[in-house]
$ cat query06.cif   # mmCIF, C-alpha atoms
data_entry
#
loop_
_atom_site.label_atom_id
_atom_site.label_comp_id
_atom_site.auth_asym_id
_atom_site.auth_seq_id
_atom_site.Cartn_x
_atom_site.Cartn_y
_atom_site.Cartn_z
CA MET A 16 52.69 0.85 110.53
CA VAL A 17 50.56 2.21 113.37
CA ASN A 18 50.86 5.71 111.97
CA ASN A 19 50.03 4.46 108.47
CA GLU A 20 46.86 2.80 109.77
CA LYS A 21 45.94 5.92 111.73
CA ILE A 22 46.42 8.15 108.69
CA TYR A 23 44.39 5.78 106.50
CA ARG A 24 41.51 5.89 108.99
CA HIS A 25 41.81 9.67 109.13
CA PHE A 26 41.42 10.08 105.38
CA SER A 27 38.58 7.56 105.26
CA ARG A 28 36.76 9.49 107.99
CA ILE A 29 37.06 12.91 106.35
CA SER A 30 36.78 11.84 102.70
CA GLY A 31 33.25 13.22 102.37
CA ILE A 32 34.17 16.71 103.62
CA TYR A 33 37.80 16.94 102.47
CA ARG A 34 37.23 19.38 99.61
CA ASP A 35 35.30 21.70 101.96
CA ILE A 36 37.97 21.95 104.66
CA ARG A 37 41.10 22.23 102.50
CA THR A 38 42.28 25.13 100.34
CA THR A 39 42.99 24.48 96.67
CA ASP A 40 45.64 26.70 95.06
CA ARG A 41 44.98 27.42 91.39
CA ARG A 42 48.15 29.40 90.67
CA PRO A 43 50.46 26.37 90.28
CA ILE A 44 48.03 24.90 87.72
CA PHE A 45 48.40 28.08 85.68
CA PHE A 46 52.16 27.53 85.47
CA ILE A 47 51.69 23.85 84.68
CA ARG A 48 49.46 24.82 81.75
CA LYS A 49 52.19 27.12 80.43
CA ASP A 50 54.79 24.35 80.68
CA LEU A 51 52.52 21.96 78.75
CA GLU A 52 51.46 24.37 75.97
CA GLY A 53 53.31 22.35 73.33
CA LEU A 54 51.38 19.13 73.97
CA SER A 55 48.24 18.54 71.92
CA THR A 56 47.28 15.55 74.09
CA ILE A 57 48.33 14.88 77.67
CA LYS A 58 48.30 11.45 79.27
CA ALA A 59 49.07 11.91 82.96
CA ALA A 60 48.75 10.60 86.50
CA ASP A 61 47.94 12.43 89.72
CA VAL A 62 49.47 10.46 92.58
CA GLY A 63 47.86 11.07 95.96
CA CYS A 64 44.81 12.56 94.25
CA GLY A 65 42.55 12.42 97.31
CA ALA A 66 38.97 13.48 96.63
CA GLY A 67 39.83 15.12 93.30
CA ARG A 68 40.06 18.83 94.11
CA TYR A 69 43.26 19.37 92.10
CA ASP A 70 42.12 17.01 89.36
CA ARG A 71 39.10 19.24 88.77
CA GLU A 72 41.47 22.20 88.37
CA LEU A 73 43.73 20.29 85.99
CA PHE A 74 40.78 19.56 83.72
CA SER A 75 39.64 23.17 84.01
CA PHE A 76 43.03 24.46 82.83
CA LEU A 77 44.06 21.69 80.43
CA GLY A 78 40.68 20.79 78.95
CA LYS A 79 39.79 17.75 76.89
CA ARG A 80 43.37 17.14 75.76
CA LEU A 81 43.99 15.62 79.24
CA PHE A 82 43.44 12.00 80.22
CA LEU A 83 44.23 11.44 83.87
CA PHE A 84 44.95 8.38 85.98
CA CYS A 85 43.88 9.32 89.53
CA ILE A 86 45.89 7.32 92.05
CA ASP A 87 45.40 7.16 95.81
CA ALA A 88 45.86 4.70 98.66
CA ASN A 89 42.46 5.39 100.19
CA GLN A 90 39.43 3.69 98.67
CA LYS A 91 36.91 6.13 100.15
CA MET A 92 38.82 9.11 98.75
CA LEU A 93 38.74 7.49 95.31
CA LEU A 94 34.99 6.94 95.62
CA GLN A 95 34.56 10.65 96.40
CA LEU A 96 36.79 11.54 93.45
CA LYS A 97 34.76 9.46 91.00
CA ARG A 98 31.50 11.02 92.19
CA TYR A 99 32.94 14.54 92.07
CA LEU A 100 34.51 14.37 88.61
CA THR A 101 31.47 12.62 87.16
CA MET A 102 29.23 15.30 88.67
CA CYS A 103 31.46 17.87 86.90
CA ASN A 104 30.85 16.05 83.59
CA ILE A 105 34.44 14.83 83.42
CA ARG A 106 34.90 11.38 81.90
CA GLN A 107 38.55 11.30 80.80
CA PHE A 108 39.93 9.72 83.97
CA TYR A 109 40.52 6.34 85.54
CA ALA A 110 40.84 5.79 89.31
CA ILE A 111 43.48 3.40 90.67
CA ARG A 112 44.20 2.36 94.25
CA ALA A 113 47.93 2.08 94.99
CA ILE A 114 50.01 2.67 98.09
CA GLY A 115 53.35 4.26 98.94
CA GLY A 116 53.64 6.33 95.80
CA SER A 117 53.60 3.37 93.42
CA ILE A 118 52.24 4.02 89.91
CA PRO A 119 50.77 0.82 88.41
CA ILE A 120 50.87 2.06 84.82
CA SER A 121 52.87 0.87 81.79
CA THR A 122 56.50 1.93 81.37
CA ASN A 123 57.19 4.97 79.15
CA SER A 124 53.48 5.71 78.74
CA LEU A 125 52.84 9.11 80.40
CA ASP A 126 53.55 12.70 79.46
CA CYS A 127 53.22 13.95 83.05
CA VAL A 128 53.04 12.90 86.65
CA PHE A 129 51.53 15.29 89.19
CA THR A 130 51.37 15.25 92.96
CA PHE A 131 49.82 18.00 95.08
CA ASN A 132 50.53 18.26 98.82
CA ALA A 133 50.95 14.50 99.04
CA VAL A 134 54.61 13.59 98.49
CA HIS A 135 55.25 13.41 102.25
CA HIS A 136 52.85 10.44 102.39
CA PHE A 137 54.96 8.43 99.91
CA THR A 138 58.11 6.37 100.05
CA LEU A 139 60.05 9.13 98.30
CA LEU A 140 62.64 7.21 96.27
CA MET A 141 60.06 4.65 95.17
CA PHE A 142 57.77 7.44 93.96
CA LEU A 143 60.58 9.16 92.04
CA GLU A 144 61.76 5.89 90.50
CA GLU A 145 58.21 4.96 89.54
CA SER A 146 57.75 8.40 87.97
CA ALA A 147 60.94 7.96 85.94
CA ARG A 148 59.72 4.55 84.80
CA VAL A 149 56.25 5.57 83.62
CA LEU A 150 57.26 8.87 82.00
CA ARG A 151 58.16 9.12 78.35
CA SER A 152 61.42 10.80 77.39
CA ASN A 153 61.22 14.54 78.17
CA GLY A 154 58.09 13.94 80.26
CA TYR A 155 57.31 16.15 83.25
CA LEU A 156 57.05 15.44 86.95
CA PHE A 157 55.41 18.26 88.95
CA VAL A 158 55.75 18.02 92.74
CA TYR A 159 53.77 20.65 94.63
CA THR A 160 54.41 20.59 98.36
CA ARG A 161 54.97 22.51 101.56
CA LEU A 162 58.56 22.37 102.77
CA ARG A 163 59.32 21.80 106.42
CA ASN A 164 60.58 25.35 107.00
CA GLN A 165 57.47 26.70 105.26
CA ASN A 166 55.38 24.71 107.72
CA ARG A 167 56.99 26.61 110.58
CA ASN A 168 55.94 29.97 109.16
CA ASN A 169 52.22 29.43 108.51
CA ILE A 170 49.48 30.10 111.03
CA TRP A 171 49.60 26.56 112.41
CA GLY A 172 53.35 26.48 112.82
CA ARG A 173 53.33 29.89 114.50
CA TYR A 174 50.35 29.62 116.81
CA PHE A 175 49.27 25.99 117.26
CA PRO A 176 51.36 24.32 120.01
CA GLY A 177 53.48 21.41 118.79
CA PHE A 178 52.33 21.56 115.16
CA TYR A 179 55.74 22.16 113.62
CA GLU A 180 57.48 19.70 115.93
CA LYS A 181 54.99 16.88 115.32
CA GLU A 182 54.97 17.22 111.52
CA LYS A 183 58.22 15.44 110.66
CA ARG A 184 57.11 13.98 107.32
CA LEU A 185 57.63 17.14 105.29
CA TYR A 186 60.93 17.56 103.47
CA TYR A 187 63.58 20.23 103.49
CA LEU A 188 64.52 21.71 100.12
CA GLU A 189 67.92 20.02 99.99
CA GLU A 190 66.43 16.62 100.87
CA LEU A 191 64.16 16.69 97.83
CA LYS A 192 66.88 18.02 95.54
CA LEU A 193 69.26 15.27 96.65
CA ALA A 194 66.63 12.54 96.19
CA ILE A 195 66.00 13.68 92.61
CA THR A 196 69.71 13.39 91.77
CA GLU A 197 69.70 9.78 92.99
CA VAL A 198 67.17 8.65 90.36
CA SER A 199 68.42 7.82 86.87
CA PHE A 200 67.08 9.97 84.03
CA LEU A 201 65.40 12.54 86.31
CA LYS A 202 66.69 16.10 86.21
CA LEU A 203 65.46 19.06 88.21
CA GLN A 204 64.53 21.75 85.70
CA ALA A 205 63.18 24.51 87.97
CA ILE A 206 61.76 25.33 91.38
CA ARG A 207 58.88 27.77 91.80
CA TYR A 208 57.97 29.34 95.12
CA PHE A 209 54.44 30.47 95.93
CA LYS A 210 53.09 32.79 98.60
CA PHE A 211 49.37 33.05 99.31
CA ARG A 212 47.70 35.61 101.53
CA ARG A 213 45.01 33.78 103.51
CA LEU A 214 41.99 35.28 105.24
CA SER A 215 39.82 33.35 107.68
CA ASN A 216 37.98 33.65 111.00
CA LEU A 217 38.63 31.97 114.32
CA ASN A 218 35.50 29.80 114.29
CA PHE A 219 36.36 28.31 110.90
CA LEU A 220 39.96 27.65 111.94
CA LYS A 221 38.72 25.86 115.07
CA GLU A 222 36.34 23.80 112.95
CA GLN A 223 39.21 22.81 110.65
CA ILE A 224 41.18 21.61 113.66
CA ARG A 225 38.27 19.59 115.06
CA LYS A 226 37.80 17.95 111.67
CA HIS A 227 41.55 17.28 111.34
CA HIS A 228 41.86 19.11 108.02
CA TYR A 229 45.60 18.42 108.27
CA SER A 230 46.55 14.84 109.06
CA THR A 231 49.17 16.34 111.41
CA PHE A 232 46.40 16.70 113.99
CA CYS A 233 46.18 12.89 114.13
CA PHE A 234 49.50 12.88 115.98
CA TYR A 235 47.88 14.54 119.01
CA LYS A 236 46.12 12.55 121.69
CA LYS A 237 42.56 13.72 122.28
CA GLU A 238 43.22 15.62 125.51
CA GLU A 239 46.46 17.04 124.11
CA LEU A 240 44.64 18.32 121.03
CA ASN A 241 41.95 19.97 123.15
CA ASP A 242 44.61 21.71 125.26
CA ALA A 243 46.48 22.83 122.14
CA LEU A 244 43.25 24.13 120.60
CA GLN A 245 42.58 26.23 123.70
CA LYS A 246 46.12 27.63 123.60
CA PHE A 247 45.79 28.28 119.87
CA GLU A 248 42.64 30.32 120.49
CA GLU A 249 44.45 32.34 123.15
CA ASN A 250 47.41 32.95 120.83
CA ILE A 251 45.16 34.08 117.98
CA LYS A 252 43.19 36.49 120.17
CA LYS A 253 46.43 38.06 121.41
CA LYS A 254 47.77 38.52 117.88
CA PHE A 255 44.60 39.45 115.95
CA PRO A 256 42.23 42.06 117.43
CA ASP A 257 39.41 41.02 115.08
CA PRO A 258 38.71 37.25 115.21
CA GLN A 259 36.67 37.61 112.00
CA ARG A 260 39.72 38.80 110.03
CA ILE A 261 42.71 36.58 110.63
CA THR A 262 45.34 36.92 107.93
CA TRP A 263 48.61 35.13 107.28
CA ILE A 264 50.98 34.17 104.48
CA GLU A 265 51.14 30.55 103.40
CA GLU A 266 54.05 29.26 101.33
CA ASN A 267 54.39 26.29 98.97
CA THR A 268 56.98 25.06 96.52
CA MET A 269 56.71 23.34 93.15
CA PHE A 270 59.50 21.22 91.69
CA ILE A 271 59.50 20.88 87.89
CA ILE A 272 61.41 17.74 86.97
CA ARG A 273 62.05 16.28 83.51
CA LYS A 274 62.87 12.77 82.37
CA GLU A 275 65.94 12.88 80.18
CA SER A 276 66.20 10.79 77.03
CA ASP A 277 67.31 7.22 77.58
#
$ encode --input "query06.cif" --output "structure tokens"
Amino acid sequence: MVNNEKIYRHFSRISGIYRDIRTTDRRPIFFIRKDLEGLSTIKAADVGCGAGRYDRELFSFLGKRLFLFCIDANQKMLLQLKRYLTMCNIRQFYAIRAIGGSIPISTNSLDCVFTFNAVHHFTLLMFLEESARVLRSNGYLFVYTRLRNQNRNNIWGRYFPGFYEKEKRLYYLEELKLAITEVSFLKLQAIRYFKFRRLSNLNFLKEQIRKHHYSTFCFYKKEELNDALQKFEENIKKKFPDPQRITWIEENTMFIIRKESD
């Protein structure tokens, strides 16, 4: 419970800057659009929507055929989402506050459920069971996430002391696959793996850390984080001769899950 309260405060604190300090990957939305080509209208939910950065991309790719329920546990994130989507002239959405991955929507009413980089914040089986409940037959569940081994290989896992060890919420591939098999009517259809070449500079990376752009940084005590930041800077300078051009490969995974007919 302490960690839950800490994470809630974290997201409340950074809600106003969240879209500026996080990277939004458009490539998975491209594949989602291809999977949904046969649907003339799409009634969907984005669970763990945050401040709306992926919702904006969904509307960009799927257009006016999409109506989206935007669900998040954090009230300030939802406020930011409503302002952002309205500013983008998007009206086909409804924001809902719900915790733990619950989806307070009618049974058998949705064509799709999405979640982007948020499943590790949920009670996994509850989220999967809720998705199976609200989806229509043959509906889609798209889970976009970073696996635990992928977290080891990015710039934070490689160079920021303790990052991989402290982030225990992420799942291994087999954990997610097994959980899906435990939920009636859900069937894993495909898994897609993504690799992104990132480019940044040391000052921006340090700013991301100070602003806790990953909630993982909340697990450090203040002095511990400062020490880790100093060591991170040393590690980066040893590895990259030009602090203005720091490059690395970031990996993510998307699970495409279908609800079988009752």
$ closest_atom_pairs --input "query06.cif" --of "segment 58-121 of chain A" --to "segment 26-50 of chain A" --cutoff "9 Å" --atoms "all atoms listed in the file" --output "tab-separated table"
residue	atom	partner	partner_atom	distance
A:Gly65	CA	A:Ser30	CA	7.9
A:Ala66	CA	A:Ser30	CA	6.7
A:Gly67	CA	A:Arg34	CA	8.0
A:Arg68	CA	A:Arg34	CA	6.2
A:Tyr69	CA	A:Thr39	CA	6.9
A:Glu72	CA	A:Arg41	CA	7.0
A:Leu73	CA	A:Ile44	CA	6.5
A:Phe76	CA	A:Arg48	CA	6.5
A:Leu77	CA	A:Arg48	CA	6.4
A:Asn89	CA	A:Ser27	CA	6.7
A:Gln90	CA	A:Ser27	CA	7.7
A:Lys91	CA	A:Ser27	CA	5.6
A:Met92	CA	A:Ser30	CA	5.2
A:Leu93	CA	A:Ser30	CA	8.8
A:Leu94	CA	A:Ser30	CA	8.8
A:Gln95	CA	A:Gly31	CA	6.6
$ residues_around --input "query06.cif" --residues "Arg112 of chain A" --least-positions-apart "4" --cutoff "6 Å" --atoms "only C-alpha atoms" --output "ChimeraX atom specification"
/A:86-88
$ resolve_selection --input "query06.cif" --expression "the PyMOL selection byres ((chain A and resi 148-150) around 8)" --output "list in words"
Ile118, Ile120, Ser121, Thr122, Asn123, Ser124, Leu125, Asp126, Cys127, Val128, Glu144, Glu145, Ser146, Ala147, Arg151, Ser152, Asn153, Gly154, Tyr155 and Lys274 of chain A
$ write_last_selection --input "query06.cif" --atoms "C-alpha atoms" --output "short mmCIF file (atom, residue, chain, number, x, y, z; two decimals), in the coordinates of the input"
data_model
loop_
_atom_site.label_atom_id
_atom_site.label_comp_id
_atom_site.auth_asym_id
_atom_site.auth_seq_id
_atom_site.Cartn_x
_atom_site.Cartn_y
_atom_site.Cartn_z
CA ILE A 118 52.24 4.02 89.91
CA ILE A 120 50.87 2.06 84.82
CA SER A 121 52.87 0.87 81.79
CA THR A 122 56.50 1.93 81.37
CA ASN A 123 57.19 4.97 79.15
CA SER A 124 53.48 5.71 78.74
CA LEU A 125 52.84 9.11 80.40
CA ASP A 126 53.55 12.70 79.46
CA CYS A 127 53.22 13.95 83.05
CA VAL A 128 53.04 12.90 86.65
CA GLU A 144 61.76 5.89 90.50
CA GLU A 145 58.21 4.96 89.54
CA SER A 146 57.75 8.40 87.97
CA ALA A 147 60.94 7.96 85.94
CA ARG A 151 58.16 9.12 78.35
CA SER A 152 61.42 10.80 77.39
CA ASN A 153 61.22 14.54 78.17
CA GLY A 154 58.09 13.94 80.26
CA TYR A 155 57.31 16.15 83.25
CA LYS A 274 62.87 12.77 82.37
#
$ atom_distance --input "query06.cif" --atom1 "atom CA of Ile224 of chain A" --atom2 "atom CA of Glu180 of chain A"
16.6 Å
$ closest_residue --input "query06.cif" --among "A:Leu188, A:Arg80, A:Phe137, A:Phe131" --to "Arg106 of chain A" --atoms "all atoms listed in the file"
A:Arg80
$ resolve_selection --input "query06.cif" --expression "the PyMOL selection byres ((chain A and resi 82) around 6)" --output "JSON, numbers by chain"
{"A": [58, 81, 83, 107, 108]}
$ atom_distance --input "query06.cif" --atom1 "atom CA of Trp263 of chain A" --atom2 "atom CA of Arg213 of chain A"
5.4 Å
$ closest_residue --input "query06.cif" --among "A:Val134, A:Thr268, A:Tyr23, A:Asn104" --to "Phe211 of chain A" --atoms "all atoms listed in the file"
A:Thr268
$ atom_distance --input "query06.cif" --atom1 "atom CA of Glu248 of chain A" --atom2 "atom CA of Pro176 of chain A"
10.6 Å
$ residues_around --input "query06.cif" --residues "Leu244 of chain A" --least-positions-apart "4" --cutoff "10 Å" --atoms "all atoms listed in the file" --output "list in words"
Tyr174, Phe175, Pro176, Leu220, Lys221, Ile224, Arg225, Glu238, Glu239, Leu240, Glu248, Glu249 and Asn250 of chain A
$ closest_residue --input "query06.cif" --among "A:Gln259, A:Gln245, A:Ser230, A:Ser199" --to "Asn19 of chain A" --atoms "all atoms listed in the file"
A:Ser230
$ closest_residue --input "query06.cif" --among "A:Lys192, A:Phe142, A:Thr130, A:Cys103" --to "Gly115 of chain A" --atoms "all atoms listed in the file"
A:Phe142
$ residues_around --input "query06.cif" --residues "Asn216 of chain A" --least-positions-apart "4" --cutoff "6 Å" --atoms "all atoms listed in the file" --output "ChimeraX atom specification"
/A:258-261
$ build_atoms --input "query06.cif" --residues "segment 25-51 of chain A" --atoms "N, CA and C atoms" --output "short mmCIF file (atom, residue, chain, number, x, y, z; two decimals), keeping the file's coordinate frame"
data_model
loop_
_atom_site.label_atom_id
_atom_site.label_comp_id
_atom_site.auth_asym_id
_atom_site.auth_seq_id
_atom_site.Cartn_x
_atom_site.Cartn_y
_atom_site.Cartn_z
N HIS A 25 42.09 8.23 109.17
CA HIS A 25 41.81 9.67 109.13
C HIS A 25 41.23 10.08 107.78
N PHE A 26 41.89 9.67 106.70
CA PHE A 26 41.42 10.08 105.38
C PHE A 26 40.09 9.41 105.02
N SER A 27 39.88 8.21 105.48
CA SER A 27 38.58 7.56 105.26
C SER A 27 37.47 8.36 105.97
N ARG A 28 37.77 8.79 107.18
CA ARG A 28 36.76 9.49 107.99
C ARG A 28 36.38 10.84 107.39
N ILE A 29 37.35 11.56 106.84
CA ILE A 29 37.06 12.91 106.35
C ILE A 29 36.86 12.98 104.84
N SER A 30 36.84 11.84 104.16
CA SER A 30 36.78 11.84 102.70
C SER A 30 35.59 12.63 102.16
N GLY A 31 34.46 12.55 102.86
CA GLY A 31 33.25 13.22 102.37
C GLY A 31 33.27 14.73 102.52
N ILE A 32 34.13 15.26 103.39
CA ILE A 32 34.17 16.71 103.62
C ILE A 32 35.52 17.32 103.22
N TYR A 33 36.41 16.51 102.67
CA TYR A 33 37.80 16.94 102.47
C TYR A 33 37.91 18.19 101.60
N ARG A 34 37.14 18.21 100.52
CA ARG A 34 37.23 19.38 99.61
C ARG A 34 36.73 20.65 100.29
N ASP A 35 35.86 20.52 101.29
CA ASP A 35 35.30 21.70 101.96
C ASP A 35 36.23 22.28 103.01
N ILE A 36 37.14 21.47 103.55
CA ILE A 36 37.97 21.95 104.66
C ILE A 36 39.42 22.23 104.24
N ARG A 37 39.75 21.95 102.98
CA ARG A 37 41.10 22.23 102.50
C ARG A 37 41.06 23.32 101.44
N THR A 38 42.15 24.07 101.33
CA THR A 38 42.28 25.13 100.34
C THR A 38 42.96 24.58 99.10
N THR A 39 42.42 24.90 97.94
CA THR A 39 42.99 24.48 96.67
C THR A 39 43.61 25.69 95.98
N ASP A 40 44.90 25.59 95.68
CA ASP A 40 45.64 26.70 95.06
C ASP A 40 45.63 26.54 93.54
N ARG A 41 45.07 27.52 92.84
CA ARG A 41 44.98 27.42 91.39
C ARG A 41 46.22 27.93 90.68
N ARG A 42 47.01 28.77 91.35
CA ARG A 42 48.15 29.40 90.67
C ARG A 42 49.16 28.39 90.13
N PRO A 43 49.51 27.33 90.87
CA PRO A 43 50.46 26.37 90.28
C PRO A 43 49.93 25.69 89.02
N ILE A 44 48.60 25.52 88.93
CA ILE A 44 48.03 24.90 87.72
C ILE A 44 48.21 25.83 86.52
N PHE A 45 48.16 27.12 86.75
CA PHE A 45 48.40 28.08 85.68
C PHE A 45 49.80 27.89 85.09
N PHE A 46 50.79 27.72 85.95
CA PHE A 46 52.16 27.53 85.47
C PHE A 46 52.32 26.17 84.80
N ILE A 47 51.65 25.15 85.32
CA ILE A 47 51.69 23.85 84.68
C ILE A 47 51.14 23.94 83.26
N ARG A 48 50.03 24.65 83.09
CA ARG A 48 49.46 24.82 81.75
C ARG A 48 50.47 25.46 80.81
N LYS A 49 51.19 26.46 81.27
CA LYS A 49 52.19 27.12 80.43
C LYS A 49 53.29 26.15 80.04
N ASP A 50 53.73 25.31 80.98
CA ASP A 50 54.79 24.35 80.68
C ASP A 50 54.33 23.31 79.66
N LEU A 51 53.03 23.03 79.62
CA LEU A 51 52.52 21.96 78.75
C LEU A 51 51.88 22.50 77.48
#
